[in-house]
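Chemist: Below is the file query-v3.tsv, with TSV, C-alpha atoms and all ligand atoms.
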chain	number	residue	atom	x	y	z
A	1	MET	CA	97.55	60.63	-20.65
A	2	ASP	CA	99.81	63.31	-22.11
A	3	LEU	CA	103.40	62.70	-21.05
A	4	LYS	CA	104.36	66.12	-22.45
A	5	LEU	CA	107.58	64.75	-23.97
A	6	ASP	CA	106.81	66.36	-27.32
A	7	GLY	CA	109.83	68.41	-28.42
A	8	LYS	CA	111.96	67.42	-25.41
A	9	SER	CA	115.63	66.78	-26.07
A	10	ILE	CA	116.60	63.33	-24.81
A	11	VAL	CA	120.00	61.60	-24.94
A	12	VAL	CA	119.87	57.80	-25.01
A	13	THR	CA	123.15	55.93	-24.67
A	14	GLY	CA	123.35	52.53	-26.34
A	15	GLY	CA	120.16	53.58	-28.08
A	16	VAL	CA	120.27	51.37	-31.16
A	17	SER	CA	119.99	47.81	-29.84
A	18	ASN	CA	117.42	45.76	-27.92
A	19	ILE	CA	116.34	47.81	-24.85
A	20	GLY	CA	118.04	51.02	-26.04
A	21	ARG	CA	116.41	50.76	-29.46
A	22	ALA	CA	112.98	50.34	-27.85
A	23	ILE	CA	113.66	53.36	-25.61
A	24	THR	CA	114.65	55.48	-28.64
A	25	LEU	CA	111.57	54.46	-30.64
A	26	THR	CA	109.15	54.86	-27.70
A	27	LEU	CA	110.45	58.33	-26.81
A	28	ALA	CA	110.41	59.39	-30.46
A	29	ALA	CA	106.81	58.13	-30.69
A	30	GLU	CA	106.02	60.58	-27.87
A	31	GLY	CA	107.44	63.35	-30.06
A	32	ALA	CA	110.82	63.64	-28.32
A	33	ASN	CA	114.00	64.63	-30.17
A	34	VAL	CA	116.44	61.86	-29.42
A	35	THR	CA	120.23	62.02	-29.59
A	36	ILE	CA	121.54	58.47	-29.73
A	37	ALA	CA	125.03	57.68	-28.45
A	38	ASP	CA	126.40	54.34	-29.58
A	39	LEU	CA	129.32	52.72	-31.37
A	40	ASP	CA	127.32	50.73	-33.91
A	41	ASP	CA	127.01	52.87	-37.06
A	42	LYS	CA	125.17	50.25	-39.10
A	43	GLN	CA	122.45	49.56	-36.54
A	44	ALA	CA	122.19	53.32	-35.87
A	45	GLU	CA	121.32	53.93	-39.52
A	46	ALA	CA	118.56	51.29	-39.29
A	47	VAL	CA	117.08	52.86	-36.14
A	48	LEU	CA	117.24	56.40	-37.58
A	49	GLU	CA	115.39	55.07	-40.63
A	50	GLU	CA	112.71	53.57	-38.33
A	51	VAL	CA	112.25	56.93	-36.61
A	52	ARG	CA	111.97	58.66	-40.02
A	53	THR	CA	109.47	56.05	-41.26
A	54	ASN	CA	107.33	56.35	-38.14
A	55	ASP	CA	107.21	60.12	-38.76
A	56	THR	CA	107.38	60.90	-35.04
A	57	GLY	CA	109.98	62.98	-33.16
A	58	LYS	CA	113.43	63.48	-34.62
A	59	ALA	CA	116.59	61.53	-33.93
A	60	GLN	CA	120.30	62.06	-34.54
A	61	PHE	CA	123.17	59.64	-34.04
A	62	VAL	CA	126.44	60.81	-32.49
A	63	ARG	CA	129.06	58.07	-32.52
A	64	THR	CA	130.25	58.07	-28.92
A	65	ASP	CA	132.25	55.80	-26.67
A	66	VAL	CA	130.68	56.57	-23.29
A	67	THR	CA	133.85	55.47	-21.48
A	68	LYS	CA	135.67	58.51	-22.96
A	69	LEU	CA	134.83	61.79	-21.25
A	70	GLU	CA	135.85	64.00	-24.21
A	71	GLU	CA	133.54	62.05	-26.55
A	72	VAL	CA	130.68	62.36	-24.06
A	73	GLU	CA	131.27	66.13	-23.84
A	74	ALA	CA	131.03	66.35	-27.65
A	75	LEU	CA	127.83	64.24	-27.52
A	76	MET	CA	126.07	66.55	-25.06
A	77	ALA	CA	127.27	69.64	-26.96
A	78	SER	CA	125.75	68.18	-30.11
A	79	ALA	CA	122.39	67.56	-28.36
A	80	VAL	CA	122.40	71.15	-27.08
A	81	ASP	CA	123.31	72.53	-30.55
A	82	LYS	CA	120.73	70.51	-32.46
A	83	PHE	CA	117.85	70.31	-30.00
A	84	GLY	CA	118.44	73.32	-27.73
A	85	GLY	CA	119.44	71.58	-24.47
A	86	VAL	CA	119.20	68.22	-22.76
A	87	ASP	CA	115.96	67.64	-20.87
A	88	VAL	CA	116.49	63.93	-20.20
A	89	LEU	CA	119.48	61.58	-20.11
A	90	VAL	CA	118.94	57.83	-20.34
A	91	ASN	CA	122.08	55.95	-19.24
A	92	ASN	CA	121.38	52.67	-21.01
A	93	VAL	CA	124.77	51.35	-22.17
A	94	GLY	CA	125.71	48.13	-20.42
A	95	TRP	CA	127.71	45.02	-21.11
A	96	ASP	CA	128.51	41.70	-19.49
A	97	GLN	CA	130.06	38.35	-20.24
A	98	LEU	CA	128.44	35.60	-18.23
A	99	MET	CA	130.85	33.47	-16.20
A	100	PHE	CA	131.44	32.41	-12.64
A	101	PHE	CA	133.61	34.81	-10.64
A	102	THR	CA	136.32	32.18	-10.24
A	103	GLN	CA	136.70	32.18	-14.05
A	104	THR	CA	137.05	35.97	-14.43
A	105	THR	CA	140.21	38.04	-14.77
A	106	PRO	CA	141.15	41.55	-13.60
A	107	GLU	CA	141.05	42.63	-17.27
A	108	LEU	CA	137.41	41.55	-17.50
A	109	TRP	CA	136.56	43.30	-14.21
A	110	GLU	CA	138.02	46.54	-15.53
A	111	LYS	CA	136.14	46.27	-18.82
A	112	ILE	CA	132.83	45.69	-17.00
A	113	ILE	CA	133.47	48.59	-14.60
A	114	ARG	CA	134.49	50.93	-17.45
A	115	ILE	CA	131.51	50.25	-19.73
A	116	ASN	CA	128.81	49.94	-17.07
A	117	TYR	CA	129.95	52.49	-14.48
A	118	ILE	CA	132.50	54.95	-15.86
A	119	GLY	CA	130.14	55.51	-18.81
A	120	VAL	CA	127.35	56.48	-16.39
A	121	LEU	CA	129.69	58.79	-14.44
A	122	ASN	CA	130.89	60.50	-17.65
A	123	CYS	CA	127.39	61.07	-19.01
A	124	THR	CA	125.89	62.18	-15.68
A	125	LYS	CA	128.76	64.59	-14.90
A	126	THR	CA	128.54	66.17	-18.34
A	127	VAL	CA	124.77	66.56	-18.42
A	128	LEU	CA	124.38	68.01	-14.93
A	129	GLU	CA	125.87	71.41	-15.81
A	130	PRO	CA	123.34	72.24	-18.55
A	131	MET	CA	120.50	70.73	-16.48
A	132	ILE	CA	121.41	72.82	-13.43
A	133	LYS	CA	121.60	75.95	-15.64
A	134	GLN	CA	118.19	75.32	-17.18
A	135	GLY	CA	116.67	74.43	-13.79
A	136	HIS	CA	115.17	71.08	-14.74
A	137	GLY	CA	116.08	67.61	-15.99
A	138	ALA	CA	115.54	63.90	-15.57
A	139	ILE	CA	118.11	61.12	-15.55
A	140	VAL	CA	117.07	57.50	-15.89
A	141	SER	CA	119.78	54.86	-15.56
A	142	ILE	CA	119.36	51.26	-16.58
A	143	SER	CA	120.69	48.93	-13.92
A	144	SER	CA	119.70	45.28	-13.51
A	145	ASP	CA	117.88	42.99	-11.13
A	146	ALA	CA	121.29	41.33	-10.77
A	147	SER	CA	122.09	44.35	-8.56
A	148	ARG	CA	119.23	43.62	-6.16
A	149	GLN	CA	118.98	39.88	-6.24
A	150	GLY	CA	122.43	38.38	-6.80
A	151	GLU	CA	122.78	36.45	-10.03
A	152	PRO	CA	125.15	33.53	-10.68
A	153	ARG	CA	127.68	34.34	-13.46
A	154	GLU	CA	127.12	38.09	-12.99
A	155	ALA	CA	129.16	38.87	-9.88
A	156	VAL	CA	131.16	41.88	-11.08
A	157	TYR	CA	128.33	43.20	-13.27
A	158	GLY	CA	125.81	42.85	-10.41
A	159	GLY	CA	128.15	44.72	-8.06
A	160	VAL	CA	128.69	47.51	-10.57
A	161	LYS	CA	124.97	47.83	-11.25
A	162	ALA	CA	124.43	48.13	-7.46
A	163	ALA	CA	126.96	50.99	-7.56
A	164	ILE	CA	124.76	52.70	-10.17
A	165	ASN	CA	121.74	52.39	-7.85
A	166	GLY	CA	123.64	54.03	-4.98
A	167	PHE	CA	125.19	56.67	-7.22
A	168	MET	CA	121.84	57.72	-8.66
A	169	LYS	CA	120.31	58.13	-5.19
A	170	THR	CA	123.08	60.53	-4.18
A	171	ILE	CA	122.78	62.47	-7.45
A	172	ALA	CA	119.03	62.67	-6.80
A	173	LYS	CA	119.63	64.14	-3.32
A	174	GLU	CA	122.33	66.58	-4.47
A	175	ASN	CA	120.37	67.93	-7.44
A	176	GLY	CA	116.69	67.80	-6.53
A	177	ARG	CA	116.97	71.49	-5.56
A	178	TYR	CA	117.65	72.28	-9.25
A	179	GLY	CA	114.53	70.46	-10.41
A	180	ILE	CA	116.50	67.40	-11.50
A	181	ARG	CA	115.01	63.93	-10.91
A	182	CYS	CA	117.11	60.74	-11.02
A	183	ASN	CA	115.70	57.24	-11.12
A	184	VAL	CA	116.81	53.71	-11.99
A	185	VAL	CA	115.11	50.92	-13.92
A	186	CYS	CA	116.22	47.34	-13.23
A	187	PRO	CA	115.36	44.93	-16.04
A	188	GLY	CA	115.25	41.19	-15.56
A	189	VAL	CA	116.03	38.94	-18.50
A	190	THR	CA	114.82	41.02	-21.47
A	191	VAL	CA	114.93	39.30	-24.82
A	192	PRO	CA	114.60	40.79	-28.32
A	193	GLU	CA	111.67	39.42	-30.32
A	194	GLU	CA	113.36	39.64	-33.73
A	195	ASP	CA	116.97	39.60	-34.93
A	196	HIS	CA	116.80	43.08	-36.48
A	197	GLU	CA	116.24	44.57	-33.01
A	198	VAL	CA	119.87	44.03	-32.03
A	199	GLY	CA	123.14	45.24	-33.47
A	200	GLU	CA	126.35	43.35	-34.15
A	201	ARG	CA	127.89	44.62	-30.90
A	202	SER	CA	124.89	43.55	-28.81
A	203	MET	CA	125.16	41.08	-25.94
A	204	TRP	CA	122.20	39.45	-27.71
A	205	ALA	CA	123.85	39.13	-31.13
A	206	ASP	CA	124.16	35.44	-30.28
A	207	LYS	CA	121.34	34.69	-27.81
A	208	THR	CA	122.42	31.10	-27.36
A	209	ALA	CA	125.77	32.27	-25.95
A	210	LEU	CA	123.77	33.63	-23.00
A	211	PHE	CA	121.04	31.04	-22.47
A	212	THR	CA	119.81	27.91	-24.23
A	213	GLU	CA	116.15	27.76	-25.39
A	214	ASP	CA	115.51	25.38	-22.49
A	215	GLN	CA	116.97	27.91	-20.05
A	216	PHE	CA	114.79	30.69	-21.51
A	217	ASP	CA	111.72	28.49	-20.92
A	218	LYS	CA	112.81	27.74	-17.37
A	219	ILE	CA	113.44	31.42	-16.63
A	220	ALA	CA	109.95	32.34	-17.90
A	221	ALA	CA	108.33	29.53	-15.89
A	222	SER	CA	110.13	30.65	-12.72
A	223	LEU	CA	108.72	34.18	-12.82
A	224	PRO	CA	105.43	35.16	-11.16
A	225	LEU	CA	104.19	36.56	-14.50
A	226	LYS	CA	105.40	33.42	-16.38
A	227	LYS	CA	106.90	35.32	-19.30
A	228	LEU	CA	110.21	36.81	-20.39
A	229	GLY	CA	110.72	40.57	-20.48
A	230	ARG	CA	110.65	42.36	-23.83
A	231	PRO	CA	112.49	45.59	-24.68
A	232	GLY	CA	109.21	47.55	-24.85
A	233	ASP	CA	108.49	46.68	-21.19
A	234	ILE	CA	111.62	48.55	-20.13
A	235	ALA	CA	111.08	51.39	-22.60
A	236	ASN	CA	107.60	52.08	-21.18
A	237	ALA	CA	108.97	52.37	-17.62
A	238	VAL	CA	111.79	54.65	-18.79
A	239	THR	CA	109.35	56.86	-20.70
A	240	PHE	CA	107.15	57.19	-17.62
A	241	LEU	CA	110.12	58.17	-15.42
A	242	ALA	CA	111.42	60.58	-18.08
A	243	SER	CA	108.19	62.56	-18.01
A	244	ASP	CA	107.92	65.45	-15.52
A	245	ALA	CA	104.21	65.52	-16.30
A	246	VAL	CA	103.50	62.09	-14.80
A	247	ALA	CA	106.58	61.28	-12.68
A	248	GLY	CA	107.37	64.81	-11.49
A	249	HIS	CA	107.37	63.87	-7.79
A	250	ILE	CA	109.41	60.68	-8.18
A	251	THR	CA	113.15	60.72	-7.58
A	252	GLY	CA	115.84	58.43	-6.14
A	253	GLN	CA	113.79	55.31	-6.88
A	254	ILE	CA	114.83	51.90	-8.15
A	255	LEU	CA	112.11	50.25	-10.23
A	256	SER	CA	112.35	46.59	-11.18
A	257	VAL	CA	110.69	45.64	-14.46
A	258	SER	CA	111.25	41.93	-14.36
A	259	GLY	CA	107.99	40.01	-14.20
A	260	GLY	CA	108.24	39.85	-10.41
A	261	TYR	CA	111.74	38.33	-10.31
A	262	SER	CA	112.72	40.66	-7.47
A	263	MET	CA	110.27	42.20	-5.01
A	264	VAL	CA	112.08	44.71	-2.85
A	265	GLY	CA	110.07	46.29	-0.03
B	301	LIG	N1	118.67	42.51	-21.86
B	301	LIG	C1	118.68	42.07	-20.61
B	301	LIG	O1	118.30	40.93	-20.30
B	301	LIG	C2	119.14	42.98	-19.50
B	301	LIG	C3	118.90	42.60	-18.17
B	301	LIG	C4	119.27	43.44	-17.14
B	301	LIG	C5	119.88	44.65	-17.44
B	301	LIG	N2	120.11	45.01	-18.74
B	301	LIG	C6	120.74	46.30	-19.00
B	301	LIG	O2	119.97	47.00	-19.97
B	301	LIG	C7	120.83	47.82	-20.78
B	301	LIG	C8	120.60	47.49	-22.24
B	301	LIG	O3	120.84	46.10	-22.47
B	301	LIG	P1	120.58	45.43	-23.89
B	301	LIG	O4	120.20	44.02	-23.66
B	301	LIG	O5	119.69	46.28	-24.69
B	301	LIG	O6	122.08	45.47	-24.48
B	301	LIG	P2	122.65	45.37	-25.98
B	301	LIG	O7	123.98	44.70	-25.86
B	301	LIG	O8	121.65	44.80	-26.93
B	301	LIG	O9	122.88	46.90	-26.39
B	301	LIG	C9	123.88	47.68	-25.79
B	301	LIG	C10	124.24	48.80	-26.76
B	301	LIG	O10	125.28	49.58	-26.13
B	301	LIG	C11	126.27	49.88	-27.11
B	301	LIG	N3	127.56	50.10	-26.42
B	301	LIG	C12	128.31	49.16	-25.78
B	301	LIG	N4	129.42	49.74	-25.28
B	301	LIG	C13	129.34	51.06	-25.59
B	301	LIG	C14	130.18	52.17	-25.32
B	301	LIG	N5	131.33	52.05	-24.65
B	301	LIG	N6	129.80	53.40	-25.78
B	301	LIG	C15	128.63	53.53	-26.47
B	301	LIG	N7	127.80	52.51	-26.75
B	301	LIG	C16	128.16	51.29	-26.32
B	301	LIG	C17	126.29	48.67	-28.02
B	301	LIG	O11	126.84	49.01	-29.29
B	301	LIG	C18	124.80	48.30	-28.08
B	301	LIG	O12	124.17	48.97	-29.17
B	301	LIG	C19	122.24	47.55	-20.28
B	301	LIG	O13	122.60	48.51	-19.31
B	301	LIG	C20	122.12	46.19	-19.62
B	301	LIG	O14	123.11	46.00	-18.64
B	301	LIG	C21	119.75	44.19	-19.77
Please, can you express the file's structure as structure tokens?
Ligand SMILES: NC(=O)c1ccc[n+]([C@@H]2O[C@H](COP(=O)([O-])OP(=O)(O)OC[C@H]3O[C@@H](n4cnc5c(N)ncnc54)[C@H](O)[C@@H]3O)[C@@H](O)[C@H]2O)c1
Modeler:
Amino acid sequence: MDLKLDGKSIVVTGGVSNIGRAITLTLAAEGANVTIADLDDKQAEAVLEEVRTNDTGKAQFVRTDVTKLEEVEALMASAVDKFGGVDVLVNNVGWDQLMFFTQTTPELWEKIIRINYIGVLNCTKTVLEPMIKQGHGAIVSISSDASRQGEPREAVYGGVKAAINGFMKTIAKENGRYGIRCNVVCPGVTVPEEDHEVGERSMWADKTALFTEDQFDKIAASLPLKKLGRPGDIANAVTFLASDAVAGHITGQILSVSGGYSMVG
């Protein structure tokens, strides 16, 4: 099946680590020109080298803090300059620190809201203008099954991810008339296979801070598909939704990619 992503200009936020890295590499393998926004210069160099080695589409790295609107504006301008526009935006940046709500502080709430939600607002606002002008575009935002299911130790994060789901539906309704599709992918627990897949800033830099090996086994055993998610699982779903050729009549949808953890009718 030809996804017709060859030569498309795609911005991937948080595109150097774990899920974001897999999204960058999968889209580049389809021939897309990827602009990566992240704060991790070292891991970015490694991912750019992987793209070069694979001899697929092109990639550039634009150091960007997605919580800062002026940096996001410079990011999108750079994608337009280098690759002639922005056909697809993947809002992938996300962050959480697992703890029960009673243990959290207002400072932590604000940090979670800024990184997970304000970043999505900044990137979506900035990309809509060029997408409306060109008369097409796709936005895929990475949420979480914590937004659909409720997840102990992820109260604020789960609430913010639910805000992303609602936000994307409205953006889909407001902008469908311009040929712009907006969808959401909700990962479940999605674990890197090898250490080099994550950067120093990654939530997964120290896996054991999130879950013990025993907990990973229990999570896998609890899922209908009896296995943990891998970054490539999410990247494949994002790549499908990014493609007008195969997902051209899909908008405003929330897709869980979580081994059956949540099943929303
Ligand atoms: N991995 C999982 O189990 C899981 C589960 C559900 C949802 N998700 C969501 O999937 C997405 C990717 O998760 P991951 O596991 O790959 O995360 P990760 O921590 O491995 O990578 C996140 C990347 O975002 C970058 N980043 C963080 N703050 C930034 C900012 N302000 N500006 C620019 N870049 C910034 C980091 O440098 C890092 O490279 C997130 O939205 C996350 O919430 C992940």
Chemist: Here is a test: counting only C-alpha atoms, which residue of A:Asp2, A:Asp217, A:Asp96, A:Asp38 is nearest to Glu154 of chain A?
Modeler: A:Asp96
Chemist: Please write as a ChimeraX atom specification the list of polymer residues whose atoms come within 6 Å of (111.1, 42.7, -28.0), counting all atoms listed in the file and keeping to the coordinates of the file.
Modeler: /A:192-193,230-231
Chemist: Have a look at A:Pro106, A:Gly248, A:Gly119, A:Gly135 and name the one nearest to ligand LIG 301 (chain B); count all atoms listed in the file.
Modeler: A:Gly119
Chemist: Nearest to Leu255 of chain A among A:Asp65, A:Glu194, A:Asp145, A:Glu129, with distances taken over only C-alpha atoms: which residue is it?
Modeler: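 Among A:Asp65, A:Glu194, A:Asp145, A:Glu129, it is A:Asp145 that comes nearest to Leu255 of chain A.
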Chemist: Write out as a ChimeraX atom specification the residues lying within 8 Å of segment 169-178 of chain A, counting only C-alpha atoms and excluding same-chain residues fewer than 4 positions away.
Modeler: /A:131-132,135-136,165,182-183,251-253
Chemist: With C-alpha atoms kept, could you save the residues just selected as a short mmCIF file (atom, residue, chain, number, x, y, z; two decimals), in the coordinates of the input?
Modeler:
data_model
loop_
_atom_site.label_atom_id
_atom_site.label_comp_id
_atom_site.auth_asym_id
_atom_site.auth_seq_id
_atom_site.Cartn_x
_atom_site.Cartn_y
_atom_site.Cartn_z
CA MET A 131 120.50 70.73 -16.48
CA ILE A 132 121.41 72.82 -13.43
CA GLY A 135 116.67 74.43 -13.79
CA HIS A 136 115.17 71.08 -14.74
CA ASN A 165 121.74 52.39 -7.85
CA CYS A 182 117.11 60.74 -11.02
CA ASN A 183 115.70 57.24 -11.12
CA THR A 251 113.15 60.72 -7.58
CA GLY A 252 115.84 58.43 -6.14
CA GLN A 253 113.79 55.31 -6.88
#
Chemist: Compile a residue-level contact table for chain A against ligand LIG 301 (chain B) at a cut-off of 6 Å, reporting for every qualifying residue the shortest atom pair and its distance in Å to one decimal, with all atoms listed in the file counted, rows ordered by chain and ascending number, as JSON lines.
Modeler:
{"residue": "A:Gly14", "atom": "CA", "partner": "B:LIG301", "partner_atom": "O10", "distance": 3.5}
{"residue": "A:Val16", "atom": "CA", "partner": "B:LIG301", "partner_atom": "O12", "distance": 5.0}
{"residue": "A:Ser17", "atom": "CA", "partner": "B:LIG301", "partner_atom": "O12", "distance": 4.4}
{"residue": "A:Asn18", "atom": "CA", "partner": "B:LIG301", "partner_atom": "O5", "distance": 4.0}
{"residue": "A:Ile19", "atom": "CA", "partner": "B:LIG301", "partner_atom": "O5", "distance": 3.7}
{"residue": "A:Gly20", "atom": "CA", "partner": "B:LIG301", "partner_atom": "O5", "distance": 5.2}
{"residue": "A:Ala37", "atom": "CA", "partner": "B:LIG301", "partner_atom": "C15", "distance": 5.8}
{"residue": "A:Asp38", "atom": "CA", "partner": "B:LIG301", "partner_atom": "N7", "distance": 3.6}
{"residue": "A:Leu39", "atom": "CA", "partner": "B:LIG301", "partner_atom": "N7", "distance": 4.9}
{"residue": "A:Asp40", "atom": "CA", "partner": "B:LIG301", "partner_atom": "O11", "distance": 5.0}
{"residue": "A:Thr64", "atom": "CA", "partner": "B:LIG301", "partner_atom": "C15", "distance": 5.4}
{"residue": "A:Asp65", "atom": "CA", "partner": "B:LIG301", "partner_atom": "N6", "distance": 3.5}
{"residue": "A:Val66", "atom": "CA", "partner": "B:LIG301", "partner_atom": "N6", "distance": 4.1}
{"residue": "A:Thr67", "atom": "CA", "partner": "B:LIG301", "partner_atom": "N5", "distance": 5.3}
{"residue": "A:Asn92", "atom": "CA", "partner": "B:LIG301", "partner_atom": "O13", "distance": 4.7}
{"residue": "A:Val93", "atom": "CA", "partner": "B:LIG301", "partner_atom": "O10", "distance": 4.4}
{"residue": "A:Gly94", "atom": "CA", "partner": "B:LIG301", "partner_atom": "O13", "distance": 3.3}
{"residue": "A:Trp95", "atom": "CA", "partner": "B:LIG301", "partner_atom": "O14", "distance": 5.3}
{"residue": "A:Ile115", "atom": "CA", "partner": "B:LIG301", "partner_atom": "N5", "distance": 5.2}
{"residue": "A:Ile142", "atom": "CA", "partner": "B:LIG301", "partner_atom": "O13", "distance": 5.1}
{"residue": "A:Ser143", "atom": "CA", "partner": "B:LIG301", "partner_atom": "C5", "distance": 5.6}
{"residue": "A:Ser144", "atom": "CA", "partner": "B:LIG301", "partner_atom": "C5", "distance": 4.0}
{"residue": "A:Pro187", "atom": "CA", "partner": "B:LIG301", "partner_atom": "C4", "distance": 4.3}
{"residue": "A:Gly188", "atom": "CA", "partner": "B:LIG301", "partner_atom": "C3", "distance": 4.7}
{"residue": "A:Val189", "atom": "CA", "partner": "B:LIG301", "partner_atom": "O1", "distance": 3.5}
{"residue": "A:Thr190", "atom": "CA", "partner": "B:LIG301", "partner_atom": "O1", "distance": 3.7}
{"residue": "A:Val191", "atom": "CA", "partner": "B:LIG301", "partner_atom": "N1", "distance": 5.7}
{"residue": "A:Val198", "atom": "CA", "partner": "B:LIG301", "partner_atom": "O8", "distance": 5.5}
{"residue": "A:Gly199", "atom": "CA", "partner": "B:LIG301", "partner_atom": "O12", "distance": 5.8}
{"residue": "A:Arg201", "atom": "CA", "partner": "B:LIG301", "partner_atom": "O11", "distance": 4.8}
{"residue": "A:Ser202", "atom": "CA", "partner": "B:LIG301", "partner_atom": "O7", "distance": 3.3}
{"residue": "A:Met203", "atom": "CA", "partner": "B:LIG301", "partner_atom": "O7", "distance": 3.8}
{"residue": "A:Trp204", "atom": "CA", "partner": "B:LIG301", "partner_atom": "O8", "distance": 5.4}
Chemist: Just the selected residues (C-alpha atoms), exported as a PDB file, keeping the file's coordinate frame, please.
Modeler:
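To be explicit, this is the file written out as out-v8.pdb:
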ATOM      1  CA  GLY A  14     123.350  52.530 -26.340  1.00  0.00           C
ATOM      2  CA  VAL A  16     120.270  51.370 -31.160  1.00  0.00           C
ATOM      3  CA  SER A  17     119.990  47.810 -29.840  1.00  0.00           C
ATOM      4  CA  ASN A  18     117.420  45.760 -27.920  1.00  0.00           C
ATOM      5  CA  ILE A  19     116.340  47.810 -24.850  1.00  0.00           C
ATOM      6  CA  GLY A  20     118.040  51.020 -26.040  1.00  0.00           C
ATOM      7  CA  ALA A  37     125.030  57.680 -28.450  1.00  0.00           C
ATOM      8  CA  ASP A  38     126.400  54.340 -29.580  1.00  0.00           C
ATOM      9  CA  LEU A  39     129.320  52.720 -31.370  1.00  0.00           C
ATOM     10  CA  ASP A  40     127.320  50.730 -33.910  1.00  0.00           C
ATOM     11  CA  THR A  64     130.250  58.070 -28.920  1.00  0.00           C
ATOM     12  CA  ASP A  65     132.250  55.800 -26.670  1.00  0.00           C
ATOM     13  CA  VAL A  66     130.680  56.570 -23.290  1.00  0.00           C
ATOM     14  CA  THR A  67     133.850  55.470 -21.480  1.00  0.00           C
ATOM     15  CA  ASN A  92     121.380  52.670 -21.010  1.00  0.00           C
ATOM     16  CA  VAL A  93     124.770  51.350 -22.170  1.00  0.00           C
ATOM     17  CA  GLY A  94     125.710  48.130 -20.420  1.00  0.00           C
ATOM     18  CA  TRP A  95     127.710  45.020 -21.110  1.00  0.00           C
ATOM     19  CA  ILE A 115     131.510  50.250 -19.730  1.00  0.00           C
ATOM     20  CA  ILE A 142     119.360  51.260 -16.580  1.00  0.00           C
ATOM     21  CA  SER A 143     120.690  48.930 -13.920  1.00  0.00           C
ATOM     22  CA  SER A 144     119.700  45.280 -13.510  1.00  0.00           C
ATOM     23  CA  PRO A 187     115.360  44.930 -16.040  1.00  0.00           C
ATOM     24  CA  GLY A 188     115.250  41.190 -15.560  1.00  0.00           C
ATOM     25  CA  VAL A 189     116.030  38.940 -18.500  1.00  0.00           C
ATOM     26  CA  THR A 190     114.820  41.020 -21.470  1.00  0.00           C
ATOM     27  CA  VAL A 191     114.930  39.300 -24.820  1.00  0.00           C
ATOM     28  CA  VAL A 198     119.870  44.030 -32.030  1.00  0.00           C
ATOM     29  CA  GLY A 199     123.140  45.240 -33.470  1.00  0.00           C
ATOM     30  CA  ARG A 201     127.890  44.620 -30.900  1.00  0.00           C
ATOM     31  CA  SER A 202     124.890  43.550 -28.810  1.00  0.00           C
ATOM     32  CA  MET A 203     125.160  41.080 -25.940  1.00  0.00           C
ATOM     33  CA  TRP A 204     122.200  39.450 -27.710  1.00  0.00           C
TER      34      TRP A 204
END
Chemist: Closest to Lys42 of chain A among A:Leu5, A:Gln215, A:Glu70, A:His196, using only C-alpha atoms?
Modeler: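 Among the listed residues, the smallest separation from Lys42 of chain A belongs to A:His196.
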Chemist: Residues within 8 Å of (133.0, 44.3, -17.7), file coordinates, counting all atoms listed in the file: what are they? Give the list as a ChimeraX atom specification.
Modeler: /A:95-97,108-116,156-157
Chemist: Mind giving me the straight-line distance from atom CA of Lys8 of chain A to atom CA of Asp87 of chain A in Å, one decimal?
Modeler: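 Computing the Euclidean distance for atom CA of Lys8 of chain A and atom CA of Asp87 of chain A yields 6.1 Å.
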Chemist: Some atoms are absent from segment 142-152 of chain A, so rebuild N, CA and C atoms and return them as a PDB file, keeping the file's coordinate frame.
Modeler:
ATOM      1  N   ILE A 142     119.774  52.663 -16.500  1.00  0.00           N
ATOM      2  CA  ILE A 142     119.360  51.260 -16.580  1.00  0.00           C
ATOM      3  C   ILE A 142     120.359  50.422 -15.789  1.00  0.00           C
ATOM      4  N   SER A 143     119.856  49.810 -14.749  1.00  0.00           N
ATOM      5  CA  SER A 143     120.690  48.930 -13.920  1.00  0.00           C
ATOM      6  C   SER A 143     120.312  47.491 -14.253  1.00  0.00           C
ATOM      7  N   SER A 144     120.056  46.679 -13.255  1.00  0.00           N
ATOM      8  CA  SER A 144     119.700  45.280 -13.510  1.00  0.00           C
ATOM      9  C   SER A 144     119.186  44.668 -12.214  1.00  0.00           C
ATOM     10  N   ASP A 145     118.291  43.713 -12.340  1.00  0.00           N
ATOM     11  CA  ASP A 145     117.880  42.990 -11.130  1.00  0.00           C
ATOM     12  C   ASP A 145     119.039  42.192 -10.536  1.00  0.00           C
ATOM     13  N   ALA A 146     120.097  41.983 -11.319  1.00  0.00           N
ATOM     14  CA  ALA A 146     121.290  41.330 -10.770  1.00  0.00           C
ATOM     15  C   ALA A 146     121.881  42.162  -9.630  1.00  0.00           C
ATOM     16  N   SER A 147     121.570  43.469  -9.617  1.00  0.00           N
ATOM     17  CA  SER A 147     122.090  44.350  -8.560  1.00  0.00           C
ATOM     18  C   SER A 147     121.309  44.197  -7.262  1.00  0.00           C
ATOM     19  N   ARG A 148     120.089  43.674  -7.334  1.00  0.00           N
ATOM     20  CA  ARG A 148     119.230  43.620  -6.160  1.00  0.00           C
ATOM     21  C   ARG A 148     119.103  42.206  -5.614  1.00  0.00           C
ATOM     22  N   GLN A 149     119.401  41.251  -6.496  1.00  0.00           N
ATOM     23  CA  GLN A 149     118.980  39.880  -6.240  1.00  0.00           C
ATOM     24  C   GLN A 149     120.167  38.941  -6.098  1.00  0.00           C
ATOM     25  N   GLY A 150     121.307  39.313  -6.706  1.00  0.00           N
ATOM     26  CA  GLY A 150     122.430  38.380  -6.800  1.00  0.00           C
ATOM     27  C   GLY A 150     122.124  37.401  -7.919  1.00  0.00           C
ATOM     28  N   GLU A 151     123.066  37.245  -8.838  1.00  0.00           N
ATOM     29  CA  GLU A 151     122.780  36.450 -10.030  1.00  0.00           C
ATOM     30  C   GLU A 151     124.026  35.653 -10.386  1.00  0.00           C
ATOM     31  N   PRO A 152     123.972  34.324 -10.317  1.00  0.00           N
ATOM     32  CA  PRO A 152     125.150  33.530 -10.680  1.00  0.00           C
ATOM     33  C   PRO A 152     125.661  33.912 -12.074  1.00  0.00           C
TER      34      PRO A 152
END
